[in-house]
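A.B. asks: Take a look at the following structure, please.
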Amino acid sequence: MPDSEAGRLSFKLVYYGPAQSGKTTNLLRLHDQLAPEMIGEIMTLETQDDRTLFFDLLPLGFRAPSGLLIKFRLFTVPGQVAHDGTRKAVLSRADGVVFVADSARTQETNNAESFQTLAANCSRVGLDFEHLPLVVQFNKQDLPDAVPEQEIRDRWSAAPWPLHFASALHGVGVRETFADLLRATWRCHAESCELASKHGLDEAGFVAGALGGG
Ligand SMILES: Nc1nc2c(ncn2[C@@H]2O[C@H](COP(=O)(O)OP(=O)(O)O)[C@@H](O)[C@H]2O)c(=O)[nH]1
Ligand SMILES: [Mg+2]
């Protein structure tokens with residue numbers, strides 16, 4: 001459930017995946033590409049080897065027709081195996097998740113292991129993985145050793161989650177992935193938050209408010 005206090009609602013959205021898959025790059029490009037009413041700076045905490053130690057945070061928001069302030073806090077988790085405690089803390093109370101996989105063939109095992117930790121950590125922090133708003137992004141499609149889109153689609157054909165193919169470094173597919181996460185988040189939480197009935201928002205307005213810029 002999104003955090004709710006007088007006049008504001010805050011959604012926690014988490015970019016999860018193996019180390020170096022492009023989670024931070026997704027947030028950096030969103031910061032460039034989005035133009036909602038409110039957008040903050042990205043806060044990053046990095047170690048010396050340039051890998052994320054704790055997390056990144058990008059805050060953004062807009063006002064619903066009712067005046068309700070709708071905020072989003074986009075987090076990344078550290079992918080390194082050693083940081084499972086941080087991953088759980090960041091995942092805790094998430095309202096939606098993007099799983100960022102690395103399309104390189106050499107990363108298939110890392111992707112699979114990371115996806116398993118997502119499912120396992122969800123149950124550890126009390127999130128219902130079955131009903132979690134989740135979008136899967138295969139990033140780094142520009143790399144020569146990337147597993148091709150069709151092969152990935154075939155392999156994931158039985159999975160219920162939307163699939164996206166991205167090259168976050170070049171800004172490709174980043175906004176589309178986020179838009180799909182917003183739609184999934186809307187479908188899960190809009191009714192209990194009375195976004196339509198009380199705050200004059202529909203799904204399209206919710207997505208457009210967060211993306212901004214028409
Ligand atoms: N070729 C390519 N490199 C990428 C892409 N996305 C991210 N990278 C690079 O991969 C490395 C790890 O990215 P980063 O966003 O820090 O990964 P994180 O550990 O998941 O946060 C960086 O050097 C990025 O510039 C992509 O789509 N294509
Ligand atoms: Mg990172």
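To be explicit about the labels: the chains of the structure tokens are called A, B, and onward in the order shown, and within each one the residues are counted from 1, while ligands get numbers from 1 in the order they are shown.
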Do you know which residues are within 7 Å of ligand 1 using only C-alpha atoms and all ligand atoms? Can you write them as a list of chain:residue names?
C.D. replies: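 Residues satisfying the distance criterion: A:Gly17, A:Pro18, A:Ala19, A:Gln20, A:Ser21, A:Gly22, A:Lys23, A:Thr24, A:Thr25, A:Asn26, A:Arg51, A:Thr52, A:Thr76, A:Pro78, A:Gly79, A:Asn139, A:Lys140, A:Gln141, A:Asp142, A:Leu143, A:Ala166, A:Ser167, A:Ala168, A:Leu169, A:His170.
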A.B. asks: Neighbouring residues of Gln137 (chain A) were defined as those with any atom within 7 Å, considering only C-alpha atoms; residues of the same chain fewer than 4 positions away were excluded. Please report them as a PyMOL selection string.
C.D. replies: chain A and resi 98-101+163-166+177
A.B. asks: Taking into account only C-alpha atoms, which residue in the set A:Ala158, A:Leu118, A:Leu201, A:Val174 is nearest to Asp32 (chain A)?
C.D. replies: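 Between A:Ala158, A:Leu118, A:Leu201, A:Val174, the residue approaching Asp32 (chain A) most closely is A:Val174.
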A.B. asks: For Ala119 (chain A), work out the shell of residues within 12 Å, counting only C-alpha atoms and skipping chain neighbours fewer than 3 positions away, then give it as a list of chain:residue names.
C.D. replies: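 That gives A:Tyr16, A:Gly17, A:Arg87, A:Lys88, A:Leu91, A:Val97, A:Phe99, A:Ala112, A:Glu113, A:Ser114, A:Phe115, A:Gln116, A:Cys122, A:Ser123, A:Arg124, A:Val125, A:Gly126, A:Leu127, A:Asp128, A:Phe129, A:Glu130, A:His131, A:Leu132, A:Leu134.
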A.B. asks: Print the selection's residues with N, CA and C atoms to a file, as a compact mmCIF listing (two decimals), in the first residue's frame.
C.D. replies:
# COMPACT_ATOMS: atom_id res chain seq x y z
N TYR A 16 15.02 -3.50 -9.63
CA TYR A 16 15.70 -4.65 -9.02
C TYR A 16 16.41 -5.43 -10.12
N GLY A 17 17.54 -6.05 -9.80
CA GLY A 17 18.21 -6.87 -10.81
C GLY A 17 19.65 -7.13 -10.43
N ARG A 87 19.09 -5.01 -0.12
CA ARG A 87 18.04 -5.30 -1.10
C ARG A 87 16.69 -5.50 -0.42
N LYS A 88 16.71 -6.22 0.68
CA LYS A 88 15.45 -6.46 1.39
C LYS A 88 14.88 -5.16 1.95
N LEU A 91 13.43 -3.18 -0.87
CA LEU A 91 12.24 -3.83 -1.41
C LEU A 91 11.04 -3.73 -0.48
N VAL A 97 7.60 -2.98 -9.01
CA VAL A 97 9.00 -3.34 -9.26
C VAL A 97 9.25 -3.46 -10.76
N PHE A 99 12.07 -5.37 -12.96
CA PHE A 99 13.23 -6.24 -12.91
C PHE A 99 14.08 -5.94 -14.14
N ALA A 112 18.92 -15.08 -13.67
CA ALA A 112 18.03 -16.08 -13.07
C ALA A 112 18.16 -16.07 -11.55
N GLU A 113 19.40 -15.98 -11.08
CA GLU A 113 19.60 -15.97 -9.63
C GLU A 113 18.98 -14.73 -9.00
N SER A 114 19.17 -13.60 -9.66
CA SER A 114 18.63 -12.36 -9.12
C SER A 114 17.10 -12.40 -9.09
N PHE A 115 16.51 -12.98 -10.15
CA PHE A 115 15.05 -13.07 -10.18
C PHE A 115 14.53 -13.96 -9.04
N GLN A 116 15.30 -15.01 -8.76
CA GLN A 116 14.90 -15.87 -7.64
C GLN A 116 15.00 -15.13 -6.30
N CYS A 122 10.71 -10.95 -1.62
CA CYS A 122 9.34 -10.45 -1.50
C CYS A 122 8.63 -11.16 -0.35
N SER A 123 8.75 -12.48 -0.32
CA SER A 123 8.03 -13.17 0.75
C SER A 123 8.65 -12.86 2.10
N ARG A 124 9.99 -12.63 2.12
CA ARG A 124 10.61 -12.30 3.41
C ARG A 124 10.16 -10.94 3.95
N VAL A 125 9.90 -9.98 3.05
CA VAL A 125 9.48 -8.67 3.54
C VAL A 125 7.96 -8.51 3.50
N GLY A 126 7.26 -9.62 3.26
CA GLY A 126 5.81 -9.58 3.34
C GLY A 126 5.10 -9.02 2.12
N LEU A 127 5.77 -9.08 0.95
CA LEU A 127 5.11 -8.65 -0.29
C LEU A 127 4.57 -9.88 -1.00
N ASP A 128 3.40 -9.74 -1.57
CA ASP A 128 2.77 -10.84 -2.29
C ASP A 128 3.27 -10.83 -3.75
N PHE A 129 4.27 -11.67 -4.02
CA PHE A 129 4.92 -11.68 -5.34
C PHE A 129 3.92 -11.94 -6.46
N GLU A 130 2.93 -12.79 -6.19
CA GLU A 130 1.92 -13.14 -7.20
C GLU A 130 1.15 -11.92 -7.70
N HIS A 131 0.94 -10.97 -6.81
CA HIS A 131 0.12 -9.81 -7.16
C HIS A 131 0.92 -8.51 -7.24
N LEU A 132 2.22 -8.63 -7.14
CA LEU A 132 3.06 -7.43 -7.18
C LEU A 132 3.06 -6.83 -8.58
N LEU A 134 4.66 -5.76 -11.57
CA LEU A 134 6.02 -6.11 -11.98
C LEU A 134 6.16 -6.02 -13.49
A.B. asks: So that I can check the secondary structure, give me every residue of region 43-92 of chain A assigned helix (DSSP H, G or I) by backbone DSSP, as a PyMOL selection string.
C.D. replies: chain A and resi 81-91
A.B. asks: Which of these residues is nearest to Met1 (chain A), using only C-alpha atoms: A:Arg105, A:Arg73, A:Lys198, A:His189?
C.D. replies: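 Checking each candidate against Met1 (chain A), we get A:His189 as the closest.
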A.B. asks: Which is closest to ligand 2 among A:Ala6, A:Ala64, A:Leu57, A:Ala159, if we use only C-alpha atoms and all ligand atoms?
C.D. replies: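 Closest residue, counting only C-alpha atoms and all ligand atoms: A:Leu57.
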A.B. asks: Separation of atom 1 (Mg, counted along the ligand's line) of ligand 2 and CA of Leu211 (chain A), in Å?
C.D. replies: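 We find that atom 1 (Mg, counted along the ligand's line) of ligand 2 and CA of Leu211 (chain A) lie 21.7 Å from each other.
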A.B. asks: To one decimal place, how far is CA of Leu45 (chain A) from CA of Val77 (chain A) in Å?
C.D. replies: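 Distance reported for this atom pair: 10.9 Å.
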